[in-house]
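Next comes protein.pdb, with PDB, C-alpha atoms.
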```pdb
ATOM      1  CA  MET A1211      28.544 -23.553 111.332
ATOM      2  CA  LYS A1212      31.250 -26.013 110.415
ATOM      3  CA  LYS A1213      32.090 -24.026 107.313
ATOM      4  CA  LEU A1214      32.341 -20.775 109.306
ATOM      5  CA  SER A1215      34.590 -22.423 111.905
ATOM      6  CA  ALA A1216      36.831 -23.739 109.187
ATOM      7  CA  ARG A1217      37.170 -20.324 107.673
ATOM      8  CA  ARG A1218      38.156 -18.795 111.012
ATOM      9  CA  ARG A1219      40.822 -21.391 111.547
ATOM     10  CA  HIS A1220      42.352 -21.039 108.080
ATOM     11  CA  PRO A1221      46.202 -20.862 108.330
ATOM     12  CA  LEU A1222      46.383 -17.721 106.222
ATOM     13  CA  ALA A1223      44.304 -15.834 108.772
ATOM     14  CA  ALA A1224      47.079 -16.058 111.345
ATOM     15  CA  VAL A1225      49.602 -14.746 108.802
ATOM     16  CA  VAL A1226      47.346 -11.814 107.936
ATOM     17  CA  VAL A1227      46.881 -10.952 111.606
ATOM     18  CA  LEU A1228      50.645 -11.094 112.143
ATOM     19  CA  LEU A1229      51.314  -8.821 109.184
ATOM     20  CA  LEU A1230      48.706  -6.344 110.367
ATOM     21  CA  ALA A1231      50.281  -6.307 113.833
ATOM     22  CA  LEU A1232      53.734  -5.691 112.390
ATOM     23  CA  ALA A1233      52.407  -2.913 110.182
ATOM     24  CA  ALA A1234      50.683  -1.295 113.130
ATOM     25  CA  THR A1235      53.860  -1.537 115.200
ATOM     26  CA  GLY A1236      55.912  -0.019 112.389
ATOM     27  CA  GLY A1237      53.402   2.765 111.990
ATOM     28  CA  LEU A1238      53.523   3.530 115.676
ATOM     29  CA  TYR A1239      57.335   3.545 115.597
ATOM     30  CA  ALA A1240      57.385   5.830 112.598
ATOM     31  CA  ALA A1241      54.944   8.140 114.349
ATOM     32  CA  PHE A1242      56.650   8.288 117.734
ATOM     33  CA  ALA A1243      60.352   7.480 117.218
ATOM     34  CA  PRO A1244      61.314  10.723 115.410
ATOM     35  CA  ALA A1245      59.546  12.786 118.041
ATOM     36  CA  GLY A1246      61.315  10.853 120.780
ATOM     37  CA  LYS A1247      64.707  11.381 119.133
ATOM     38  CA  ALA A1248      64.035  15.082 118.659
ATOM     39  CA  GLN A1249      63.006  15.368 122.292
ATOM     40  CA  ALA A1250      66.176  13.556 123.388
ATOM     41  CA  ASP A1251      68.323  15.883 121.258
ATOM     42  CA  GLU A1252      66.552  18.902 122.713
ATOM     43  CA  THR A1253      67.136  17.631 126.236
ATOM     44  CA  ALA A1254      70.825  17.012 125.539
ATOM     45  CA  GLN A1255      71.156  20.511 124.080
ATOM     46  CA  SER A1256      69.463  22.029 127.136
ATOM     47  CA  LEU A1257      71.865  20.180 129.436
ATOM     48  CA  ALA A1258      74.838  21.359 127.371
ATOM     49  CA  ILE A1259      73.633  24.963 127.608
ATOM     50  CA  GLU A1260      73.143  24.639 131.352
ATOM     51  CA  GLU A1261      76.650  23.222 131.880
ATOM     52  CA  GLY A1262      78.100  25.801 129.525
ATOM     53  CA  LYS A1263      76.501  28.598 131.522
ATOM     54  CA  LYS A1264      78.225  27.312 134.665
ATOM     55  CA  LEU A1265      81.603  27.258 132.915
ATOM     56  CA  TYR A1266      80.940  30.709 131.478
ATOM     57  CA  SER A1267      80.115  32.174 134.898
ATOM     58  CA  VAL A1268      83.461  30.998 136.250
ATOM     59  CA  GLY A1269      85.808  31.666 133.337
ATOM     60  CA  CYS A1270      84.236  34.323 131.115
ATOM     61  CA  ALA A1271      81.651  36.482 132.904
ATOM     62  CA  SER A1272      84.203  38.754 134.602
ATOM     63  CA  CYS A1273      85.191  40.215 131.213
ATOM     64  CA  HIS A1274      82.196  39.554 128.945
ATOM     65  CA  GLY A1275      79.401  40.208 131.446
ATOM     66  CA  THR A1276      77.053  37.843 133.234
ATOM     67  CA  GLY A1277      74.774  37.621 130.201
ATOM     68  CA  GLY A1278      77.404  37.977 127.488
ATOM     69  CA  GLN A1279      76.511  41.619 126.951
ATOM     70  CA  GLY A1280      80.143  42.721 127.161
ATOM     71  CA  THR A1281      82.024  45.091 129.459
ATOM     72  CA  SER A1282      84.900  47.541 129.215
ATOM     73  CA  ASP A1283      87.239  44.541 129.484
ATOM     74  CA  GLY A1284      85.623  42.335 126.842
ATOM     75  CA  PRO A1285      83.296  42.581 123.839
ATOM     76  CA  SER A1286      79.716  41.360 123.671
ATOM     77  CA  LEU A1287      79.266  37.699 122.795
ATOM     78  CA  VAL A1288      75.660  38.009 121.659
ATOM     79  CA  GLY A1289      75.506  36.763 118.086
ATOM     80  CA  VAL A1290      79.127  35.613 117.754
ATOM     81  CA  GLY A1291      77.980  32.001 117.464
ATOM     82  CA  ALA A1292      79.425  28.664 118.500
ATOM     83  CA  ALA A1293      82.216  28.796 115.899
ATOM     84  CA  ALA A1294      83.804  31.849 117.537
ATOM     85  CA  VAL A1295      83.853  30.109 120.926
ATOM     86  CA  ASP A1296      85.269  26.897 119.456
ATOM     87  CA  PHE A1297      88.068  28.890 117.786
ATOM     88  CA  GLN A1298      88.958  31.242 120.633
ATOM     89  CA  VAL A1299      88.796  28.660 123.436
ATOM     90  CA  GLY A1300      90.018  25.765 121.269
ATOM     91  CA  THR A1301      93.236  27.633 120.423
ATOM     92  CA  GLY A1302      93.826  28.753 124.017
ATOM     93  CA  ARG A1303      93.319  32.436 123.270
ATOM     94  CA  MET A1304      90.439  32.504 125.704
ATOM     95  CA  PRO A1305      90.244  32.905 128.603
ATOM     96  CA  ALA A1306      92.810  35.687 128.179
ATOM     97  CA  GLN A1307      95.587  36.001 130.732
ATOM     98  CA  GLN A1308      95.643  39.790 130.548
ATOM     99  CA  PRO A1309      94.416  42.628 128.306
ATOM    100  CA  GLY A1310      96.683  43.594 125.443
ATOM    101  CA  ALA A1311      96.890  44.660 121.828
ATOM    102  CA  GLN A1312      96.310  41.059 120.783
ATOM    103  CA  VAL A1313      95.581  37.838 122.626
ATOM    104  CA  PRO A1314      98.202  35.190 121.716
ATOM    105  CA  ARG A1315      97.667  31.510 121.145
ATOM    106  CA  LYS A1316      98.497  29.401 124.195
ATOM    107  CA  LYS A1317      97.829  26.062 125.864
ATOM    108  CA  VAL A1318      94.168  25.015 125.907
ATOM    109  CA  ILE A1319      92.771  24.676 129.443
ATOM    110  CA  TYR A1320      89.337  23.212 128.615
ATOM    111  CA  THR A1321      88.459  19.789 127.249
ATOM    112  CA  GLN A1322      86.636  19.584 123.923
ATOM    113  CA  ALA A1323      83.460  18.546 125.753
ATOM    114  CA  GLN A1324      83.649  21.687 127.906
ATOM    115  CA  ILE A1325      84.354  23.825 124.841
ATOM    116  CA  ASP A1326      81.239  22.372 123.192
ATOM    117  CA  GLN A1327      79.200  23.268 126.276
ATOM    118  CA  LEU A1328      80.531  26.827 126.326
ATOM    119  CA  ALA A1329      79.795  27.121 122.613
ATOM    120  CA  ALA A1330      76.246  25.866 123.152
ATOM    121  CA  TYR A1331      75.614  28.475 125.842
ATOM    122  CA  VAL A1332      77.025  31.383 123.839
ATOM    123  CA  ALA A1333      75.089  30.234 120.764
ATOM    124  CA  SER A1334      71.903  30.388 122.851
ATOM    125  CA  LEU A1335      72.488  34.117 123.430
ATOM    126  CA  GLY A1336      72.014  34.941 119.761
ATOM    127  CA  ALA A1337      72.264  33.396 116.307
ATOM    128  CA  GLY A1338      75.751  33.202 114.802
ATOM    129  CA  PRO A1339      78.082  30.935 112.808
ATOM    130  CA  SER A1340      77.927  27.303 113.922
ATOM    131  CA  VAL A1341      80.883  24.953 114.337
ATOM    132  CA  PRO A1342      81.676  23.513 110.889
ATOM    133  CA  THR A1343      81.475  19.807 110.157
ATOM    134  CA  GLU A1344      84.486  17.787 109.048
ATOM    135  CA  LYS A1345      83.053  17.636 105.537
ATOM    136  CA  GLN A1346      83.093  21.439 105.355
ATOM    137  CA  TYR A1347      86.727  21.972 106.312
ATOM    138  CA  SER A1348      88.295  18.784 104.981
ATOM    139  CA  PRO A1349      90.741  19.630 102.143
ATOM    140  CA  GLU A1350      89.636  16.493 100.303
ATOM    141  CA  GLY A1351      88.574  17.394  96.775
ATOM    142  CA  ALA A1352      89.989  20.928  97.056
ATOM    143  CA  ASP A1353      91.764  22.852  94.284
ATOM    144  CA  ILE A1354      95.160  23.780  95.769
ATOM    145  CA  ALA A1355      96.137  26.101  92.896
ATOM    146  CA  ARG A1356      92.845  27.970  93.210
ATOM    147  CA  GLY A1357      93.376  28.122  96.964
ATOM    148  CA  GLY A1358      96.751  29.746  96.406
ATOM    149  CA  ASP A1359      95.183  32.438  94.213
ATOM    150  CA  LEU A1360      92.486  33.098  96.803
ATOM    151  CA  PHE A1361      95.000  33.195  99.662
ATOM    152  CA  ARG A1362      97.302  35.637  97.901
ATOM    153  CA  THR A1363      94.319  37.853  97.070
ATOM    154  CA  ASN A1364      92.599  37.856 100.464
ATOM    155  CA  CYS A1365      95.117  36.779 103.115
ATOM    156  CA  ALA A1366      98.746  37.272 102.064
ATOM    157  CA  GLN A1367      98.739  41.007 102.830
ATOM    158  CA  CYS A1368      98.765  40.152 106.537
ATOM    159  CA  HIS A1369      99.725  36.491 106.866
ATOM    160  CA  ASN A1370     102.458  36.445 104.196
ATOM    161  CA  PHE A1371     102.060  34.399 101.028
ATOM    162  CA  THR A1372     103.053  31.152 102.762
ATOM    163  CA  GLY A1373     101.218  31.846 106.032
ATOM    164  CA  GLU A1374     104.322  32.772 108.041
ATOM    165  CA  GLY A1375     102.497  35.692 109.652
ATOM    166  CA  GLY A1376     103.508  39.321 109.887
ATOM    167  CA  ALA A1377     103.463  42.493 111.946
ATOM    168  CA  LEU A1378     100.549  44.922 111.925
ATOM    169  CA  THR A1379     100.095  48.336 113.524
ATOM    170  CA  GLU A1380      99.919  49.235 117.239
ATOM    171  CA  GLY A1381     101.470  46.008 118.515
ATOM    172  CA  LYS A1382      99.097  43.738 116.613
ATOM    173  CA  TYR A1383     100.155  40.941 114.271
ATOM    174  CA  ALA A1384      98.846  38.317 111.895
ATOM    175  CA  PRO A1385      99.694  34.934 113.454
ATOM    176  CA  GLU A1386     101.571  32.114 111.779
ATOM    177  CA  LEU A1387      99.247  29.563 110.167
ATOM    178  CA  ASP A1388     101.571  26.563 110.231
ATOM    179  CA  GLY A1389     100.200  23.913 112.583
ATOM    180  CA  VAL A1390      96.690  25.402 112.803
ATOM    181  CA  SER A1391      94.011  22.714 112.404
ATOM    182  CA  PRO A1392      91.718  22.842 109.335
ATOM    183  CA  LYS A1393      88.687  23.332 111.601
ATOM    184  CA  HIS A1394      90.196  26.382 113.275
ATOM    185  CA  LEU A1395      91.276  27.813 109.906
ATOM    186  CA  TYR A1396      87.693  27.491 108.674
ATOM    187  CA  GLU A1397      86.310  29.052 111.863
ATOM    188  CA  ALA A1398      88.748  31.960 111.617
ATOM    189  CA  MET A1399      87.508  32.715 108.120
ATOM    190  CA  GLN A1400      83.906  32.403 109.327
ATOM    191  CA  THR A1401      84.191  34.627 112.379
ATOM    192  CA  GLY A1402      87.079  37.040 111.741
ATOM    193  CA  PRO A1403      88.856  36.895 115.114
ATOM    194  CA  GLN A1404      90.507  40.037 116.495
ATOM    195  CA  ASN A1405      91.935  42.079 113.581
ATOM    196  CA  MET A1406      90.934  39.662 110.842
ATOM    197  CA  PRO A1407      87.919  40.400 108.615
ATOM    198  CA  SER A1408      85.227  37.722 108.448
ATOM    199  CA  PHE A1409      84.482  35.771 105.280
ATOM    200  CA  PRO A1410      80.963  34.288 105.596
ATOM    201  CA  ASP A1411      79.677  31.875 102.970
ATOM    202  CA  THR A1412      77.923  34.753 101.222
ATOM    203  CA  THR A1413      81.318  36.386 100.650
ATOM    204  CA  MET A1414      83.553  33.327 100.373
ATOM    205  CA  PRO A1415      81.705  30.074  99.598
ATOM    206  CA  GLU A1416      82.476  26.846 101.427
ATOM    207  CA  GLN A1417      84.448  25.397  98.495
ATOM    208  CA  GLU A1418      86.772  28.418  98.386
ATOM    209  CA  LYS A1419      87.483  28.031 102.104
ATOM    210  CA  LYS A1420      88.359  24.375 101.474
ATOM    211  CA  ASP A1421      90.718  25.427  98.670
ATOM    212  CA  ILE A1422      92.499  27.929 100.926
ATOM    213  CA  ILE A1423      92.874  25.374 103.713
ATOM    214  CA  ALA A1424      94.345  22.858 101.271
ATOM    215  CA  TYR A1425      96.834  25.477 100.032
ATOM    216  CA  ILE A1426      97.963  26.419 103.552
ATOM    217  CA  GLN A1427      98.488  22.797 104.498
ATOM    218  CA  THR A1428     100.393  22.104 101.294
ATOM    219  CA  VAL A1429     102.862  24.996 101.436
ATOM    220  CA  ASN A1430     103.587  24.267 105.097
ATOM    221  CA  GLY A1431     103.722  20.493 104.708
ATOM    222  CA  ASP A1432     106.802  18.421 105.505
ATOM    223  CA  LYS A1433     106.981  17.159 101.928
ATOM    224  CA  THR A1434     106.956  20.607 100.355
ATOM    225  CA  ALA A1435     110.309  21.481  98.794
ATOM    226  CA  THR A1436     111.790  24.994  98.781
ATOM    227  CA  PRO A1437     113.568  25.439  95.419
ATOM    228  CA  GLY A1438     115.146  28.708  96.499
ATOM    229  CA  GLY A1439     116.960  27.160  99.457
ATOM    230  CA  PHE A1440     116.801  29.045 102.749
ATOM    231  CA  ALA A1441     113.410  30.751 102.727
ATOM    232  CA  LEU A1442     114.186  33.451 105.328
ATOM    233  CA  GLY A1443     110.775  33.003 106.873
ATOM    234  CA  GLY A1444     109.058  32.965 103.509
ATOM    235  CA  LEU A1445     109.088  36.758 103.408
ATOM    236  CA  GLY A1446     109.904  36.903  99.704
ATOM    237  CA  PRO A1447     112.465  38.651  97.466
ATOM    238  CA  VAL A1448     112.730  41.869  99.509
ATOM    239  CA  SER A1449     114.124  40.137 102.587
ATOM    240  CA  GLU A1450     116.287  37.831 100.485
ATOM    241  CA  GLY A1451     117.677  40.762  98.518
ATOM    242  CA  LEU A1452     118.349  42.692 101.724
ATOM    243  CA  PHE A1453     120.141  39.667 103.152
ATOM    244  CA  GLY A1454     122.268  39.465 100.010
ATOM    245  CA  TRP A1455     123.219  43.153 100.147
ATOM    246  CA  ILE A1456     124.048  43.242 103.848
ATOM    247  CA  PHE A1457     125.958  39.990 104.175
ATOM    248  CA  GLY A1458     127.234  39.689 100.612
ATOM    249  CA  LEU A1459     128.488  43.258 100.338
ATOM    250  CA  GLY A1460     129.711  43.159 103.931
ATOM    251  CA  SER A1461     131.744  40.039 103.178
ATOM    252  CA  LEU A1462     133.299  41.696 100.114
ATOM    253  CA  ILE A1463     134.269  44.747 102.161
ATOM    254  CA  ALA A1464     135.787  42.531 104.855
ATOM    255  CA  VAL A1465     137.828  40.639 102.235
ATOM    256  CA  ALA A1466     138.988  43.901 100.640
ATOM    257  CA  VAL A1467     140.116  45.261 104.031
ATOM    258  CA  TRP A1468     141.938  42.013 104.791
ATOM    259  CA  VAL A1469     143.740  42.059 101.422
ATOM    260  CA  ALA A1470     144.706  45.720 101.804
ATOM    261  CA  ALA A1471     146.049  45.145 105.312
ATOM    262  CA  HIS A1472     148.164  42.176 104.272
ATOM    263  CA  THR A1473     149.427  44.023 101.171
ATOM    264  CA  ALA A1474     150.567  46.975 103.264
ATOM    265  CA  LYS A1475     152.270  44.634 105.728
ATOM    266  CA  ALA A1476     154.030  42.852 102.874
ATOM    267  CA  LYS A1477     155.360  46.133 101.486
ATOM    268  CA  LYS A1478     156.785  47.155 104.871
ATOM    269  CA  SER A1479     158.593  43.831 105.106
TER
END
```
Structure encoded using structure tokens:
Amino acid sequence: MKKLSARRRHPLAAVVVLLLALAATGGLYAAFAPAGKAQADETAQSLAIEEGKKLYSVGCASCHGTGGQGTSDGPSLVGVGAAAVDFQVGTGRMPAQQPGAQVPRKKVIYTQAQIDQLAAYVASLGAGPSVPTEKQYSPEGADIARGGDLFRTNCAQCHNFTGEGGALTEGKYAPELDGVSPKHLYEAMQTGPQNMPSFPDTTMPEQEKKDIIAYIQTVNGDKTATPGGFALGGLGPVSEGLFGWIFGLGSLIAVAVWVAAHTAKAKKS
């Protein structure tokens, strides 16, 4: 009996019991913590959708319908995704002040938290492009030269080769890209707002979008030099040549008229 009692009171026994307790606690945490976190995330998402629905009912339903199905005054939002909401509302284009050929960029009236809630609600109506992460749209590690090639191939026809924008048909236009945030540039390529075609990752991979964003930011940066001098809006040689003909030739004609007038006056004297 003494030997058995001694064994039970051995110091190592307490250590073993403590280790077993810690292991059991860790196992329980591993089993229940992820589920708890997932449940918390799901609850937060549900609350965001609920708040977004309230904001939608006040600011969007009159044009896009109570369930996002669309009306004669606004297109359906089913399947446009959170990225489209983040772009349209985050640039102030939505809510629109009035119908027109194109909705212009204007002051943003919602906070980013409210925009996220609206995006969550619209995303719940149907699957669509999600809001990109900073890693996706950050120009870090991008190939600027490759971005320039891609931009001139896919975008310059409307936006001009430096992103100065340009006129389209029926009162529409391609907006200027200077000052647009990288996130909104990425979302525009994802969703194809208004007259712009969409470029999903299956058509234009994430890296190519990063390259284009880096190019746009570079050519419109404060440190970018213009070797040709006055860029005339970056419209290229046609506008510069036209400027030269109109003002250059006009100046020569004015000088010729002035010389002829003074020569005739000198002869009369």
Quick one: residues within 12 Å of Gly1284 in chain A, all atoms listed in the file counted, chain neighbours fewer than 6 positions away excluded, as a VMD selection string? chain A and resid 1270 to 1276 1278 1304 to 1306 1308 to 1310 1313 1404
Exactly which residues make up the result of the PyMOL selection byres ((chain A and resi 1424) around 12) on this file, given as a ChimeraX atom specification? /A:1347-1361,1391-1393,1395-1396,1417-1423,1425-1431
Target residues per the PyMOL selection byres ((chain A and resi 1297-1302) around 8), formatted as a ChimeraX atom specification: /A:1293-1296,1303-1305,1315-1320,1322,1325,1394,1397-1398,1403
Limited to C-alpha atoms, could you put the picked residues into a file as an mmCIF file, keeping the file's coordinate frame?
```cif
data_model
loop_
_atom_site.group_PDB
_atom_site.id
_atom_site.type_symbol
_atom_site.label_atom_id
_atom_site.label_comp_id
_atom_site.auth_asym_id
_atom_site.auth_seq_id
_atom_site.Cartn_x
_atom_site.Cartn_y
_atom_site.Cartn_z
ATOM 1 C CA ALA A 1293 82.216 28.796 115.899
ATOM 2 C CA ALA A 1294 83.804 31.849 117.537
ATOM 3 C CA VAL A 1295 83.853 30.109 120.926
ATOM 4 C CA ASP A 1296 85.269 26.897 119.456
ATOM 5 C CA ARG A 1303 93.319 32.436 123.270
ATOM 6 C CA MET A 1304 90.439 32.504 125.704
ATOM 7 C CA PRO A 1305 90.244 32.905 128.603
ATOM 8 C CA ARG A 1315 97.667 31.510 121.145
ATOM 9 C CA LYS A 1316 98.497 29.401 124.195
ATOM 10 C CA LYS A 1317 97.829 26.062 125.864
ATOM 11 C CA VAL A 1318 94.168 25.015 125.907
ATOM 12 C CA ILE A 1319 92.771 24.676 129.443
ATOM 13 C CA TYR A 1320 89.337 23.212 128.615
ATOM 14 C CA GLN A 1322 86.636 19.584 123.923
ATOM 15 C CA ILE A 1325 84.354 23.825 124.841
ATOM 16 C CA HIS A 1394 90.196 26.382 113.275
ATOM 17 C CA GLU A 1397 86.310 29.052 111.863
ATOM 18 C CA ALA A 1398 88.748 31.960 111.617
ATOM 19 C CA PRO A 1403 88.856 36.895 115.114
#
```
When the PyMOL selection byres ((chain A and resi 1334) around 12) is applied to the file above, which residues end up in the set, as number ranges by chain? A: 1255-1256, 1258-1260, 1262-1263, 1277-1278, 1287-1292, 1327-1333, 1335-1340
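The space separating CA of Pro1314 in chain A from CA of Pro1385 in chain A comes to 8.4 Å.
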Atom pair CA of Phe1409 in chain A / CA of Gly1376 in chain A: separation (Å):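 About the pair CA of Phe1409 in chain A and CA of Gly1376 in chain A: they are 19.9 Å apart.
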Gap from CA of Pro1415 in chain A to CA of Met1399 in chain A - Å, one decimal: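 Value for the CA of Pro1415 in chain A-CA of Met1399 in chain A distance: 10.6 Å.
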Under the rule that all atoms listed in the file are counted, which of A:Thr1401, A:Glu1416, A:Leu1387, A:Gly1460 is the nearest residue to Thr1343 in chain A? A:Glu1416
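Between Gln1367 in chain A and the candidates A:Ala1248, A:Ile1456, A:Ala1466, A:Met1406, the tightest atom-to-atom separation, counting all atoms listed in the file, involves A:Met1406.
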